[in-house]
$ cat target_10.csv   # CSV, C-alpha atoms
chain,number,residue,atom,x,y,z
B,1,MET,CA,25.1,-34.6,39.3
B,2,SER,CA,28.5,-33.7,40.6
B,3,GLU,CA,30.7,-36.1,42.5
B,4,THR,CA,33.1,-35.1,45.1
B,5,ILE,CA,36.6,-36.4,45.2
B,6,PRO,CA,37.6,-37.7,48.6
B,7,ASN,CA,40.7,-36.3,50.3
B,8,LEU,CA,43.6,-38.4,49.0
B,9,PRO,CA,46.8,-38.8,50.8
B,10,LYS,CA,49.7,-36.8,49.3
B,11,HIS,CA,52.0,-38.9,47.2
B,12,PRO,CA,55.5,-38.8,48.7
B,13,VAL,CA,57.2,-38.1,45.4
B,14,LEU,CA,54.7,-35.4,44.3
B,15,GLY,CA,55.2,-33.6,47.7
B,16,SER,CA,59.0,-33.5,47.2
B,17,SER,CA,60.9,-30.4,46.1
B,18,LEU,CA,62.1,-30.0,42.5
B,19,LEU,CA,65.7,-30.3,43.6
B,20,ALA,CA,65.1,-33.6,45.4
B,21,LEU,CA,63.3,-34.9,42.3
B,22,GLY,CA,66.1,-33.8,40.1
B,23,VAL,CA,68.7,-35.5,42.2
B,24,SER,CA,66.6,-38.6,42.3
B,25,ALA,CA,66.3,-38.5,38.5
B,26,LEU,CA,70.1,-38.5,38.2
B,27,GLY,CA,70.2,-41.9,39.9
B,28,VAL,CA,67.6,-43.4,37.6
B,29,VAL,CA,68.1,-41.8,34.3
B,30,PHE,CA,71.8,-41.0,34.2
B,31,GLY,CA,73.3,-44.0,36.1
B,32,ASP,CA,74.5,-45.8,33.0
B,33,ILE,CA,75.5,-42.7,31.2
B,34,GLY,CA,77.5,-41.5,34.1
B,35,THR,CA,79.8,-44.5,34.0
B,36,SER,CA,80.5,-44.0,30.3
B,37,PRO,CA,83.5,-41.8,31.0
B,38,LEU,CA,85.1,-44.6,32.9
B,39,TYR,CA,85.3,-47.1,30.0
B,40,THR,CA,85.8,-44.3,27.4
B,41,LEU,CA,88.9,-43.1,29.3
B,42,LYS,CA,90.1,-46.7,29.7
B,43,THR,CA,89.7,-47.4,25.9
B,44,VAL,CA,91.5,-44.1,25.0
B,45,LEU,CA,94.4,-45.0,27.4
B,46,VAL,CA,94.7,-48.5,26.0
B,47,LEU,CA,94.6,-47.3,22.3
B,48,THR,CA,97.3,-44.7,23.1
B,49,GLY,CA,99.5,-47.2,24.9
B,50,GLY,CA,99.3,-45.0,28.0
B,51,LYS,CA,101.3,-42.2,26.4
B,52,LEU,CA,99.1,-39.2,26.2
B,53,ASN,CA,100.0,-35.9,24.5
B,54,SER,CA,97.9,-32.8,23.9
B,55,ALA,CA,96.9,-33.9,20.4
B,56,MET,CA,95.5,-37.2,21.7
B,57,ILE,CA,93.7,-35.5,24.5
B,58,LEU,CA,92.1,-32.8,22.3
B,59,GLY,CA,91.3,-35.4,19.6
B,60,SER,CA,89.5,-37.7,22.2
B,61,LEU,CA,87.6,-34.7,23.7
B,62,SER,CA,86.6,-33.6,20.2
B,63,LEU,CA,85.3,-37.1,19.3
B,64,ILE,CA,83.3,-37.2,22.6
B,65,ILE,CA,81.8,-33.7,22.2
B,66,TRP,CA,80.9,-34.3,18.5
B,67,THR,CA,79.3,-37.7,19.5
B,68,LEU,CA,77.2,-36.0,22.1
B,69,ILE,CA,76.2,-33.2,19.7
B,70,ILE,CA,75.3,-35.6,16.9
B,71,VAL,CA,73.6,-38.3,19.0
B,72,ALA,CA,71.8,-36.1,21.5
B,73,THR,CA,71.0,-33.1,19.5
B,74,ILE,CA,70.6,-34.3,15.9
B,75,LYS,CA,69.4,-37.9,16.4
B,76,TYR,CA,67.2,-37.6,19.6
B,77,ILE,CA,66.0,-34.0,19.8
B,78,SER,CA,65.7,-33.2,16.1
B,79,VAL,CA,64.5,-36.6,14.8
B,80,ALA,CA,63.5,-39.2,17.4
B,81,MET,CA,61.5,-36.8,19.7
B,82,ARG,CA,59.4,-35.7,16.7
B,83,ILE,CA,58.4,-39.2,15.7
B,84,ASN,CA,55.4,-40.2,17.9
B,85,ASN,CA,52.2,-42.0,17.7
B,86,ASP,CA,49.7,-40.1,19.9
B,87,GLY,CA,52.5,-39.1,22.3
B,88,GLU,CA,54.0,-42.6,22.4
B,89,GLY,CA,57.5,-43.1,21.1
B,90,GLY,CA,59.9,-45.9,20.3
B,91,ILE,CA,60.2,-48.6,17.7
B,92,ILE,CA,56.7,-50.0,18.2
B,93,ALA,CA,55.2,-46.5,17.7
B,94,LEU,CA,57.2,-46.1,14.6
B,95,MET,CA,56.0,-49.5,13.4
B,96,SER,CA,52.4,-48.4,14.1
B,97,LEU,CA,52.9,-45.2,12.1
B,98,LEU,CA,54.2,-47.1,9.1
B,99,GLY,CA,51.4,-49.6,9.4
B,100,VAL,CA,48.8,-46.9,9.4
B,101,LYS,CA,50.2,-45.1,6.3
B,102,LEU,CA,50.9,-48.3,4.4
B,103,LYS,CA,49.0,-51.5,4.4
B,104,PRO,CA,50.5,-53.9,7.0
B,105,GLN,CA,53.5,-55.7,5.6
B,106,PRO,CA,55.5,-58.6,7.1
B,107,ALA,CA,58.8,-56.6,6.6
B,108,ILE,CA,57.5,-53.7,8.7
B,109,ILE,CA,56.4,-56.1,11.5
B,110,ALA,CA,59.7,-58.0,11.3
B,111,LEU,CA,61.7,-54.8,11.6
B,112,GLY,CA,59.6,-53.6,14.5
B,113,LEU,CA,60.1,-56.9,16.3
B,114,LEU,CA,63.8,-56.8,15.6
B,115,GLY,CA,64.0,-53.2,17.0
B,116,ALA,CA,62.1,-54.3,20.1
B,117,ALA,CA,64.4,-57.2,20.6
B,118,LEU,CA,67.4,-54.9,20.3
B,119,ILE,CA,65.9,-52.7,23.0
B,120,TYR,CA,65.5,-55.6,25.3
B,121,GLY,CA,69.0,-56.8,24.6
B,122,ASP,CA,70.4,-53.3,25.3
B,123,GLY,CA,68.5,-53.3,28.6
B,124,ALA,CA,70.1,-56.5,29.6
B,125,VAL,CA,73.7,-55.7,28.4
B,126,THR,CA,74.0,-52.0,29.4
B,127,PRO,CA,73.8,-52.5,33.2
B,128,ALA,CA,76.3,-55.3,33.1
B,129,ILE,CA,78.8,-53.3,31.0
B,130,SER,CA,78.3,-50.2,33.3
B,131,VAL,CA,78.9,-52.0,36.5
B,132,LEU,CA,81.7,-54.1,35.2
B,133,SER,CA,83.5,-51.1,33.8
B,134,ALA,CA,83.1,-49.2,37.0
B,135,LEU,CA,84.6,-52.0,39.1
B,136,GLU,CA,87.4,-52.5,36.5
B,137,GLY,CA,88.5,-49.0,37.5
B,138,LEU,CA,89.7,-50.6,40.8
B,139,ASN,CA,92.3,-52.4,38.8
B,140,ILE,CA,93.9,-49.1,38.0
B,141,VAL,CA,94.3,-48.3,41.7
B,142,THR,CA,95.8,-51.7,42.4
B,143,PRO,CA,95.9,-55.0,40.4
B,144,SER,CA,95.1,-56.9,43.6
B,145,PHE,CA,91.4,-56.1,43.0
B,146,ALA,CA,91.3,-58.1,39.7
B,147,PRO,CA,89.9,-61.3,41.2
B,148,TYR,CA,87.1,-59.4,42.9
B,149,VAL,CA,85.8,-57.5,39.8
B,150,LEU,CA,83.6,-60.1,38.3
B,151,PRO,CA,82.1,-61.5,41.5
B,152,GLY,CA,81.6,-57.9,42.8
B,153,SER,CA,79.8,-57.0,39.5
B,154,VAL,CA,77.5,-60.0,39.8
B,155,LEU,CA,76.6,-59.1,43.4
B,156,ILE,CA,75.9,-55.5,42.5
B,157,LEU,CA,73.7,-56.5,39.6
B,158,VAL,CA,71.8,-59.1,41.6
B,159,ALA,CA,71.2,-56.5,44.3
B,160,LEU,CA,70.0,-53.9,41.8
B,161,PHE,CA,67.6,-56.3,40.2
B,162,LEU,CA,66.3,-57.4,43.6
B,163,ILE,CA,65.7,-53.8,44.6
B,164,GLN,CA,64.2,-52.8,41.2
B,165,PRO,CA,60.7,-54.1,41.9
B,166,GLN,CA,60.4,-51.8,44.9
B,167,GLY,CA,60.2,-48.9,42.5
B,168,THR,CA,62.5,-46.4,40.7
B,169,ALA,CA,61.9,-43.8,43.5
B,170,ARG,CA,63.9,-45.9,45.9
B,171,ILE,CA,66.7,-46.5,43.4
B,172,GLY,CA,66.8,-42.8,42.5
B,173,LYS,CA,67.0,-41.8,46.2
B,174,ALA,CA,69.9,-44.2,46.7
B,175,PHE,CA,71.9,-43.5,43.6
B,176,GLY,CA,71.0,-39.8,43.0
B,177,PRO,CA,73.3,-38.4,45.5
B,178,ILE,CA,76.1,-40.7,44.3
B,179,MET,CA,75.6,-39.6,40.7
B,180,LEU,CA,75.5,-36.0,41.8
B,181,VAL,CA,78.9,-36.3,43.5
B,182,TRP,CA,80.3,-38.2,40.5
B,183,PHE,CA,79.1,-35.6,38.0
B,184,LEU,CA,80.5,-32.8,40.2
B,185,THR,CA,83.8,-34.6,40.4
B,186,ILE,CA,83.9,-35.0,36.6
B,187,ALA,CA,83.1,-31.3,36.2
B,188,LEU,CA,85.8,-30.2,38.7
B,189,LEU,CA,88.4,-32.5,37.0
B,190,GLY,CA,87.3,-31.1,33.6
B,191,ILE,CA,87.7,-27.5,34.8

$ encode --input "target_10.csv" --output "C-alpha coordinates"
Amino acid sequence: MSETIPNLPKHPVLGSSLLALGVSALGVVFGDIGTSPLYTLKTVLVLTGGKLNSAMILGSLSLIIWTLIIVATIKYISVAMRINNDGEGGIIALMSLLGVKLKPQPAIIALGLLGAALIYGDGAVTPAISVLSALEGLNIVTPSFAPYVLPGSVLILVALFLIQPQGTARIGKAFGPIMLVWFLTIALLGI
(Lines of atoms letter the chains of each structure in order from A and count residues from 1; the text may use other names and numbers.)
(Lines give C-alpha, C1' and ligand atoms only; values in the text may rest on other atoms or scores of the structure.)
Protein backbone atom coordinates (compact mmCIF):
# COMPACT_ATOMS: atom_id res chain seq x y z
CA MET A 1 0.00 0.00 0.00
CA SER A 2 1.47 3.27 -1.05
CA GLU A 3 0.98 6.46 0.90
CA THR A 4 0.90 9.83 -0.72
CA ILE A 5 2.81 12.70 0.76
CA PRO A 6 0.71 15.84 1.15
CA ASN A 7 1.91 19.03 -0.50
CA LEU A 8 4.13 20.64 2.07
CA PRO A 9 4.83 24.37 2.07
CA LYS A 10 8.31 25.23 0.85
CA HIS A 11 10.78 25.93 3.62
CA PRO A 12 11.98 29.56 3.29
CA VAL A 13 15.65 28.62 3.66
CA LEU A 14 15.47 25.72 1.21
CA GLY A 15 13.89 27.95 -1.42
CA SER A 16 16.69 30.52 -1.18
CA SER A 17 19.50 30.82 -3.63
CA LEU A 18 22.92 29.35 -2.97
CA LEU A 19 24.48 32.83 -2.78
CA ALA A 20 21.97 33.96 -0.12
CA LEU A 21 22.63 30.80 1.89
CA GLY A 22 26.38 31.36 1.60
CA VAL A 23 26.10 34.95 2.85
CA SER A 24 23.83 33.79 5.66
CA ALA A 25 26.39 31.13 6.64
CA LEU A 26 29.04 33.85 6.86
CA GLY A 27 27.03 35.49 9.64
CA VAL A 28 26.61 32.29 11.63
CA VAL A 29 29.77 30.29 11.06
CA PHE A 30 32.41 32.95 10.58
CA GLY A 31 31.23 35.68 12.95
CA ASP A 32 33.75 34.85 15.67
CA ILE A 33 36.53 33.97 13.25
CA GLY A 34 36.01 37.24 11.42
CA THR A 35 36.86 39.28 14.49
CA SER A 36 40.12 37.41 15.09
CA PRO A 37 42.17 39.81 12.96
CA LEU A 38 41.08 42.62 15.26
CA TYR A 39 42.64 41.27 18.43
CA THR A 40 45.50 39.61 16.56
CA LEU A 41 46.51 42.95 15.08
CA LYS A 42 46.10 44.66 18.44
CA THR A 43 48.34 42.06 20.12
CA VAL A 44 51.00 42.40 17.40
CA LEU A 45 50.96 46.18 17.74
CA VAL A 46 51.26 45.97 21.54
CA LEU A 47 54.15 43.49 21.37
CA THR A 48 56.06 45.61 18.87
CA GLY A 49 55.55 48.78 20.87
CA GLY A 50 53.71 50.30 17.94
CA LYS A 51 56.91 50.39 15.85
CA LEU A 52 56.40 48.16 12.85
CA ASN A 53 58.98 47.34 10.23
CA SER A 54 58.87 44.95 7.29
CA ALA A 55 60.44 42.07 9.24
CA MET A 56 57.79 42.30 11.98
CA ILE A 57 54.96 42.50 9.46
CA LEU A 58 56.23 39.53 7.43
CA GLY A 59 56.92 37.54 10.62
CA SER A 60 53.39 38.17 11.91
CA LEU A 61 51.83 37.26 8.57
CA SER A 62 53.96 34.11 8.42
CA LEU A 63 52.78 33.04 11.88
CA ILE A 64 49.15 33.66 10.95
CA ILE A 65 49.42 31.79 7.64
CA TRP A 66 51.21 28.81 9.19
CA THR A 67 48.70 28.71 12.04
CA LEU A 68 45.86 28.59 9.53
CA ILE A 69 47.61 25.88 7.54
CA ILE A 70 48.46 23.76 10.57
CA VAL A 71 45.17 24.18 12.43
CA ALA A 72 42.73 24.16 9.51
CA THR A 73 44.42 21.78 7.11
CA ILE A 74 46.35 19.37 9.24
CA LYS A 75 44.33 19.31 12.44
CA TYR A 76 40.76 19.64 11.18
CA ILE A 77 40.72 18.39 7.61
CA SER A 78 43.34 15.65 7.86
CA VAL A 79 42.66 14.40 11.39
CA ALA A 80 39.46 15.63 13.07
CA MET A 81 37.16 15.29 10.04
CA ARG A 82 38.17 11.65 9.61
CA ILE A 83 37.31 10.67 13.19
CA ASN A 84 33.59 10.02 13.37
CA ASN A 85 31.12 7.68 14.97
CA ASP A 86 28.42 6.92 12.37
CA GLY A 87 28.81 10.39 10.89
CA GLU A 88 28.85 12.18 14.25
CA GLY A 89 31.98 14.02 15.36
CA GLY A 90 33.35 15.74 18.42
CA ILE A 91 34.72 14.68 21.75
CA ILE A 92 31.71 12.54 22.71
CA ALA A 93 31.94 10.60 19.42
CA LEU A 94 35.65 10.05 20.06
CA MET A 95 34.83 8.85 23.56
CA SER A 96 32.24 6.45 22.12
CA LEU A 97 34.77 5.09 19.61
CA LEU A 98 37.30 4.46 22.39
CA GLY A 99 34.62 2.86 24.54
CA VAL A 100 33.65 0.46 21.75
CA LYS A 101 37.21 -0.63 21.03
CA LEU A 102 38.22 -0.87 24.66
CA LYS A 103 36.15 -1.85 27.63
CA PRO A 104 34.63 1.24 29.25
CA GLN A 105 37.17 2.84 31.54
CA PRO A 106 36.69 5.69 34.01
CA ALA A 107 39.66 7.58 32.50
CA ILE A 108 38.03 7.62 29.04
CA ILE A 109 34.75 8.84 30.52
CA ALA A 110 36.54 11.52 32.57
CA LEU A 111 38.47 12.76 29.53
CA GLY A 112 35.27 12.82 27.46
CA LEU A 113 33.46 14.84 30.11
CA LEU A 114 36.43 17.20 30.44
CA GLY A 115 36.47 17.71 26.66
CA ALA A 116 32.72 18.39 26.64
CA ALA A 117 33.16 20.90 29.49
CA LEU A 118 35.92 22.65 27.53
CA ILE A 119 33.62 22.93 24.51
CA TYR A 120 30.88 24.50 26.67
CA GLY A 121 33.45 26.87 28.21
CA ASP A 122 34.68 27.86 24.75
CA GLY A 123 31.10 28.50 23.68
CA ALA A 124 30.64 30.87 26.61
CA VAL A 125 33.98 32.70 26.40
CA THR A 126 34.48 33.06 22.62
CA PRO A 127 31.50 35.37 21.92
CA ALA A 128 32.49 37.60 24.83
CA ILE A 129 36.08 37.89 23.62
CA SER A 130 34.99 38.53 20.04
CA VAL A 131 32.51 41.28 20.90
CA LEU A 132 34.81 42.89 23.46
CA SER A 133 37.77 42.93 21.07
CA ALA A 134 35.64 44.37 18.27
CA LEU A 135 34.45 47.22 20.48
CA GLU A 136 37.95 47.80 21.89
CA GLY A 137 38.87 48.79 18.35
CA LEU A 138 36.88 51.95 18.96
CA ASN A 139 39.57 52.97 21.48
CA ILE A 140 42.03 53.15 18.59
CA VAL A 141 39.81 55.71 16.86
CA THR A 142 39.45 57.80 20.00
CA PRO A 143 40.06 57.02 23.68
CA SER A 144 36.78 58.73 24.60
CA PHE A 145 34.99 55.46 23.73
CA ALA A 146 36.79 53.61 26.57
CA PRO A 147 33.99 53.95 29.18
CA TYR A 148 31.43 52.56 26.70
CA VAL A 149 33.31 49.43 25.61
CA LEU A 150 32.26 47.12 28.46
CA PRO A 151 28.61 48.25 28.72
CA GLY A 152 28.30 48.14 24.93
CA SER A 153 29.73 44.61 24.86
CA VAL A 154 27.24 43.48 27.51
CA LEU A 155 24.33 45.01 25.57
CA ILE A 156 25.39 43.35 22.31
CA LEU A 157 25.85 39.96 23.98
CA VAL A 158 22.49 40.14 25.76
CA ALA A 159 20.82 41.12 22.48
CA LEU A 160 22.53 38.24 20.65
CA PHE A 161 21.48 35.69 23.25
CA LEU A 162 17.91 37.05 23.23
CA ILE A 163 17.75 36.75 19.42
CA GLN A 164 19.45 33.33 19.31
CA PRO A 165 16.34 31.25 20.24
CA GLN A 166 14.59 32.64 17.16
CA GLY A 167 16.94 30.56 15.01
CA THR A 168 20.25 30.79 13.29
CA ALA A 169 18.61 31.73 9.98
CA ARG A 170 17.65 35.16 11.36
CA ILE A 171 21.10 35.71 12.85
CA GLY A 172 22.71 34.68 9.59
CA LYS A 173 20.52 37.04 7.56
CA ALA A 174 21.37 39.90 9.92
CA PHE A 175 25.11 39.33 10.27
CA GLY A 176 25.90 37.71 6.90
CA PRO A 177 26.01 40.95 4.91
CA ILE A 178 28.04 42.62 7.68
CA MET A 179 30.59 39.79 7.63
CA LEU A 180 30.70 39.89 3.81
CA VAL A 181 31.56 43.60 3.88
CA TRP A 182 34.13 42.96 6.66
CA PHE A 183 35.84 40.12 4.75
CA LEU A 184 35.87 42.18 1.53
CA THR A 185 37.42 45.06 3.47
CA ILE A 186 40.12 42.80 4.91
CA ALA A 187 40.78 41.39 1.41
CA LEU A 188 41.09 44.86 -0.13
CA LEU A 189 43.39 46.03 2.65
CA GLY A 190 45.47 42.89 2.21
CA ILE A 191 45.78 43.45 -1.52

$ atom_distance --input "target_10.csv" --atom1 "CA of Ser144 in chain B" --atom2 "CA of Gly49 in chain B"
21.5 Å

$ closest_residue --input "target_10.csv" --among "B:Gly112, B:Leu188, B:Gly27, B:Lys42" --to "Leu138 in chain B" --atoms "all atoms listed in the file"
B:Lys42

$ residues_around --input "target_10.csv" --residues "range 86-96 of chain B" --least-positions-apart "2" --cutoff "7 Å" --atoms "all atoms listed in the file" --output "ChimeraX atom specification"
/B:83-84,98-100,108-109,112,115-116

$ atom_distance --input "target_10.csv" --atom1 "CA of Tyr39 in chain B" --atom2 "CA of Ala55 in chain B"
20.0 Å

$ residues_around --input "target_10.csv" --residues "range 59-64 of chain B" --least-positions-apart "3" --cutoff "12 Å" --atoms "all atoms listed in the file" --output "ChimeraX atom specification"
/B:36-37,40-45,47-48,52-56,67-72,190

$ closest_residue --input "target_10.csv" --among "B:Leu114, B:Leu157, B:Ala187, B:Val141" --to "Ile129 in chain B" --atoms "only C-alpha atoms"
B:Leu157

$ atom_distance --input "target_10.csv" --atom1 "CA of Ile65 in chain B" --atom2 "CA of Leu184 in chain B"
18.1 Å

$ closest_residue --input "target_10.csv" --among "B:Ile119, B:Ile178, B:Leu18, B:Val28" --to "Gln164 in chain B" --atoms "only C-alpha atoms"
B:Val28
